[in-house]
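S.K.: Here it is, the structure, as structure tokens.
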Amino acid sequence: MSSSCEILTLASLCEFLKSHDNYVVLTHANPDGDTLGSAYGLKLGLKKLGKKVQVVCCDEIPRKYDYFIDDSECDFIPETVVAVDVADIKLLGDLYERFEGRIDLNIDHHISNTRYAKRLYLDSDAAAATQCIYEILDELGVEFDRSIANALYTGLSTDTGCFKYNNVTAKTHEIASKLYEIGVDAGEINRIMFDTKSKSRVKMETMVLNSAEFHFDDRLMLMSITLETQRKTGCTKTDMEGVPAMSRSVEGVLVGVTLKETRENEFKISVRTYDPLDASAICSKLGGGGHKAAAGCTVLGTLQEAKAKILAAVKEALEELDEGSDTFK
């Protein structure tokens, strides 16, 4: 955490954006709808103000987001680096070392934000980072078009589980309504994001569900996606997006845990919880963070060692819960 991080208001953030140019906008690794929607929504909006902007991600951007991706490029010397929907600089993946200490502005909605940038605009009540981007562009007086609307709606929809999660507020719906008025392709976006699966994804889901484990009186569901599973099914990073949400539909489960092996003996752990459990608090025990209902961390070790670490963290959280209430005993 940087002790010199300047916390910006919406007004001071907009002044910063108006007075700077030649932007590099960074997304987190394994990009999802919110980080990409935020990055390209911001890019498209700033371009309308005459700014030069490029988006940079360490990973290949899934083709399913092509409907709002702006690949246009212009020659300029980068001057201002902005990270969107990136709570911790380590989430930049392979870009981490290149941009460490060089990020001028971070726009985020994660309460676990580590304040690594020189400046931070944080709205932890926002359901998605794209909710922040909408308010920023609106404050800047940007004229919204369908491309911007599609980018922002994608982040809103994907980070709220198609508006099903508890992070949704009246403001979230108000912004979605305004995007509808602009002409967002909501039905098609939701079909692509939630109702379309590759054959590899179906095979992977079958293997993962068949090997799923239940712990702590079935209050925890644990799923594992090993490198071997990925090899056998041929699934890609895109195919694995959204898998952690599968456990939320199982009756009686308070905690859903997904372990995805990213390289040998390294696992990205995704945690999904229902009230009153706090996913961010659980993941913070292992050096991660996120939101109350959705968070993550990365651990090293074998699959069994990774399982043991996250199970111990969840067990501690459940024991604390049980000590304070008889509801779930």
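Scheme for the structure tokens: letters A, B, ... for chains in order shown; per-chain residue numbers from 1; ligand numbers from 1 in order shown.
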How close does segment 114-187 of chain A get to segment 12-29 of chain A? List, as CSV, each residue of segment 114-187 of chain A within 8 Å, its nearest atom pair and the distance in Å to one decimal, counting only C-alpha atoms.
M.R.:
```
residue,atom,partner,partner_atom,distance
A:Tyr121,CA,A:Leu13,CA,7.0
A:Ile136,CA,A:Cys14,CA,6.7
A:Glu139,CA,A:Cys14,CA,7.2
A:Leu140,CA,A:Cys14,CA,6.3
```
S.K.: List as a PyMOL selection string the protein and nucleic acid residues near Gln54 of chain A, meaning an atom at most 12 Å away when only C-alpha atoms are counted, but skip any in the same chain fewer than 5 places from it.
M.R.: chain A and resi 21-27+39-44+46-47+69-83
S.K.: Hey, what's within 12 Å of Thr169 of chain A if we count only C-alpha atoms and toss same-chain stuff fewer than 2 positions away? As number ranges by chain, please?
M.R.: A: 125-128, 131, 156, 160, 163-167, 171-176
S.K.: Write the residues you've just listed into a file as an mmCIF file, in the first residue's frame, and include N, CA, C and O atoms for each of them.
M.R.:
```cif
data_model
loop_
_atom_site.group_PDB
_atom_site.id
_atom_site.type_symbol
_atom_site.label_atom_id
_atom_site.label_comp_id
_atom_site.auth_asym_id
_atom_site.auth_seq_id
_atom_site.Cartn_x
_atom_site.Cartn_y
_atom_site.Cartn_z
ATOM 1 N N ASP A 125 -18.957 1.020 -3.288
ATOM 2 C CA ASP A 125 -20.392 0.719 -3.340
ATOM 3 C C ASP A 125 -20.856 0.420 -4.762
ATOM 4 O O ASP A 125 -21.984 -0.040 -4.958
ATOM 5 N N ALA A 126 -20.013 0.678 -5.739
ATOM 6 C CA ALA A 126 -20.376 0.437 -7.132
ATOM 7 C C ALA A 126 -20.389 -1.056 -7.421
ATOM 8 O O ALA A 126 -19.494 -1.794 -7.008
ATOM 9 N N ALA A 127 -21.394 -1.502 -8.137
ATOM 10 C CA ALA A 127 -21.521 -2.922 -8.457
ATOM 11 C C ALA A 127 -20.444 -3.387 -9.422
ATOM 12 O O ALA A 127 -20.097 -4.573 -9.448
ATOM 13 N N ALA A 128 -19.921 -2.480 -10.216
ATOM 14 C CA ALA A 128 -18.897 -2.812 -11.205
ATOM 15 C C ALA A 128 -18.050 -1.574 -11.469
ATOM 16 O O ALA A 128 -18.490 -0.445 -11.223
ATOM 17 N N GLN A 131 -19.616 0.920 -13.696
ATOM 18 C CA GLN A 131 -20.542 1.876 -13.084
ATOM 19 C C GLN A 131 -19.798 3.177 -12.788
ATOM 20 O O GLN A 131 -20.332 4.274 -12.998
ATOM 21 N N LEU A 156 -21.373 -4.105 -16.270
ATOM 22 C CA LEU A 156 -22.463 -4.122 -15.296
ATOM 23 C C LEU A 156 -23.090 -5.510 -15.210
ATOM 24 O O LEU A 156 -23.315 -6.044 -14.118
ATOM 25 N N THR A 160 -22.450 -8.494 -12.043
ATOM 26 C CA THR A 160 -23.622 -8.647 -11.179
ATOM 27 C C THR A 160 -24.358 -9.963 -11.430
ATOM 28 O O THR A 160 -25.431 -10.181 -10.880
ATOM 29 N N PHE A 163 -27.391 -9.022 -13.078
ATOM 30 C CA PHE A 163 -28.172 -8.235 -12.112
ATOM 31 C C PHE A 163 -28.843 -9.099 -11.033
ATOM 32 O O PHE A 163 -29.868 -8.711 -10.479
ATOM 33 N N LYS A 164 -28.207 -10.223 -10.699
ATOM 34 C CA LYS A 164 -28.770 -11.120 -9.686
ATOM 35 C C LYS A 164 -28.102 -10.984 -8.325
ATOM 36 O O LYS A 164 -28.668 -11.400 -7.316
ATOM 37 N N TYR A 165 -26.877 -10.451 -8.286
ATOM 38 C CA TYR A 165 -26.110 -10.466 -7.043
ATOM 39 C C TYR A 165 -26.498 -9.322 -6.111
ATOM 40 O O TYR A 165 -27.114 -8.327 -6.518
ATOM 41 N N ASN A 166 -26.073 -9.464 -4.856
ATOM 42 C CA ASN A 166 -26.408 -8.458 -3.844
ATOM 43 C C ASN A 166 -25.680 -7.139 -4.026
ATOM 44 O O ASN A 166 -25.992 -6.158 -3.342
ATOM 45 N N ASN A 167 -24.694 -7.090 -4.933
ATOM 46 C CA ASN A 167 -23.984 -5.830 -5.148
ATOM 47 C C ASN A 167 -24.801 -4.846 -5.985
ATOM 48 O O ASN A 167 -24.446 -3.682 -6.115
ATOM 49 N N LYS A 171 -28.843 2.537 -8.124
ATOM 50 C CA LYS A 171 -28.020 3.275 -9.085
ATOM 51 C C LYS A 171 -27.593 2.383 -10.243
ATOM 52 O O LYS A 171 -27.520 2.838 -11.401
ATOM 53 N N THR A 172 -27.299 1.108 -9.940
ATOM 54 C CA THR A 172 -26.920 0.171 -10.994
ATOM 55 C C THR A 172 -28.025 0.071 -12.031
ATOM 56 O O THR A 172 -27.780 0.118 -13.244
ATOM 57 N N HIS A 173 -29.258 -0.076 -11.555
ATOM 58 C CA HIS A 173 -30.395 -0.177 -12.468
ATOM 59 C C HIS A 173 -30.640 1.142 -13.198
ATOM 60 O O HIS A 173 -31.033 1.145 -14.375
ATOM 61 N N GLU A 174 -30.412 2.253 -12.526
ATOM 62 C CA GLU A 174 -30.598 3.557 -13.164
ATOM 63 C C GLU A 174 -29.631 3.725 -14.334
ATOM 64 O O GLU A 174 -30.014 4.192 -15.411
ATOM 65 N N ILE A 175 -28.382 3.327 -14.114
ATOM 66 C CA ILE A 175 -27.383 3.433 -15.178
ATOM 67 C C ILE A 175 -27.722 2.476 -16.315
ATOM 68 O O ILE A 175 -27.632 2.840 -17.496
ATOM 69 N N ALA A 176 -28.133 1.254 -15.971
ATOM 70 C CA ALA A 176 -28.527 0.300 -17.008
ATOM 71 C C ALA A 176 -29.675 0.862 -17.837
ATOM 72 O O ALA A 176 -29.707 0.725 -19.069
#
```
S.K.: Residues near Leu311 of chain A, anyone? I mean within 9 Å using only C-alpha atoms, not counting same-chain ones fewer than 5 positions away, as a ChimeraX atom specification.
M.R.: /A:215,220,257,306,316
S.K.: So what do you get for atom CA of Lys203 of chain A versus atom CA of Met240 of chain A, distance-wise?
M.R.: 11.2 Å
S.K.: Applying 9 Å and only C-alpha atoms, which residues near segment 63-65 of chain A remain after dropping the ones on its own chain fewer than 2 positions away? List them as a list in words.
M.R.: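 Listing them by chain and then by number gives Gly33, Leu36, Gly37, Glu60, Ile61, Tyr67, Phe68, Ile69, Ala151, Thr154, Ile192, Met193 and Thr238 of chain A.
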S.K.: Using DSSP assignments from the backbone, pull out every residue in segment 206-309 of chain A that falls under strand (DSSP E or B) and give it to me as a VMD selection string.
M.R.: chain A and resid 213 to 215 220 to 225 255 to 263 266 to 273 289 to 290 294 to 300
S.K.: What does the file look like for those residues with C-alpha atoms, as a PDB file, in the first residue's frame?
M.R.:
```
ATOM      1  CA  GLU A 213     -16.157 -31.961  -3.107  1.00  0.00           C
ATOM      2  CA  PHE A 214     -18.409 -30.878  -0.242  1.00  0.00           C
ATOM      3  CA  HIS A 215     -17.081 -29.969   3.191  1.00  0.00           C
ATOM      4  CA  LEU A 220     -18.737 -25.513   1.149  1.00  0.00           C
ATOM      5  CA  MET A 221     -18.507 -26.748  -2.434  1.00  0.00           C
ATOM      6  CA  LEU A 222     -15.012 -27.087  -3.881  1.00  0.00           C
ATOM      7  CA  MET A 223     -14.232 -27.493  -7.582  1.00  0.00           C
ATOM      8  CA  SER A 224     -10.812 -28.002  -9.185  1.00  0.00           C
ATOM      9  CA  ILE A 225      -9.656 -27.255 -12.721  1.00  0.00           C
ATOM     10  CA  VAL A 255     -19.102 -20.911   0.229  1.00  0.00           C
ATOM     11  CA  GLY A 256     -18.119 -21.891  -3.296  1.00  0.00           C
ATOM     12  CA  VAL A 257     -14.401 -22.432  -3.935  1.00  0.00           C
ATOM     13  CA  THR A 258     -12.797 -22.977  -7.338  1.00  0.00           C
ATOM     14  CA  LEU A 259      -9.126 -23.847  -7.750  1.00  0.00           C
ATOM     15  CA  LYS A 260      -7.733 -23.248 -11.218  1.00  0.00           C
ATOM     16  CA  GLU A 261      -4.186 -24.407 -11.903  1.00  0.00           C
ATOM     17  CA  THR A 262      -2.474 -21.631 -13.869  1.00  0.00           C
ATOM     18  CA  ARG A 263       0.915 -23.317 -14.068  1.00  0.00           C
ATOM     19  CA  GLU A 266       0.294 -22.615  -8.811  1.00  0.00           C
ATOM     20  CA  PHE A 267      -3.428 -22.187  -8.265  1.00  0.00           C
ATOM     21  CA  LYS A 268      -5.721 -19.214  -8.649  1.00  0.00           C
ATOM     22  CA  ILE A 269      -8.468 -19.592  -6.063  1.00  0.00           C
ATOM     23  CA  SER A 270     -11.878 -17.977  -6.535  1.00  0.00           C
ATOM     24  CA  VAL A 271     -14.256 -17.743  -3.585  1.00  0.00           C
ATOM     25  CA  ARG A 272     -17.980 -16.966  -3.746  1.00  0.00           C
ATOM     26  CA  THR A 273     -20.027 -16.519  -0.582  1.00  0.00           C
ATOM     27  CA  GLY A 289      -8.898  -9.875  -1.649  1.00  0.00           C
ATOM     28  CA  GLY A 290     -11.916  -8.627  -3.557  1.00  0.00           C
ATOM     29  CA  ALA A 294     -16.630 -12.605  -4.577  1.00  0.00           C
ATOM     30  CA  ALA A 295     -12.882 -12.614  -4.034  1.00  0.00           C
ATOM     31  CA  GLY A 296      -9.721 -14.430  -4.998  1.00  0.00           C
ATOM     32  CA  CYS A 297      -6.111 -15.253  -4.209  1.00  0.00           C
ATOM     33  CA  THR A 298      -3.180 -17.212  -5.586  1.00  0.00           C
ATOM     34  CA  VAL A 299      -1.382 -19.983  -3.712  1.00  0.00           C
ATOM     35  CA  LEU A 300       1.611 -22.146  -4.497  1.00  0.00           C
TER      36      LEU A 300
END
```
S.K.: Could you list, with a cut-off of 9 Å and counting only C-alpha atoms, the residues of segment 204-316 of chain A near segment 103-113 of chain A, each shown with its nearest atom pair and the distance in Å rounded to one decimal, rows sorted by chain and ascending number, as a tab-separated table?
M.R.:
```
residue	atom	partner	partner_atom	distance
A:Ser280	CA	A:Ser112	CA	7.4
A:Ser284	CA	A:Ser112	CA	8.6
A:Gly288	CA	A:Ser112	CA	8.5
A:Gly289	CA	A:Ser112	CA	5.5
A:Gly290	CA	A:Ser112	CA	5.5
A:His291	CA	A:His110	CA	6.0
A:Lys292	CA	A:Ile111	CA	8.6
```
S.K.: Suppose you want the space between atom CA of Tyr116 of chain A and atom CA of Thr130 of chain A; what is it in Å?
M.R.: 20.2 Å
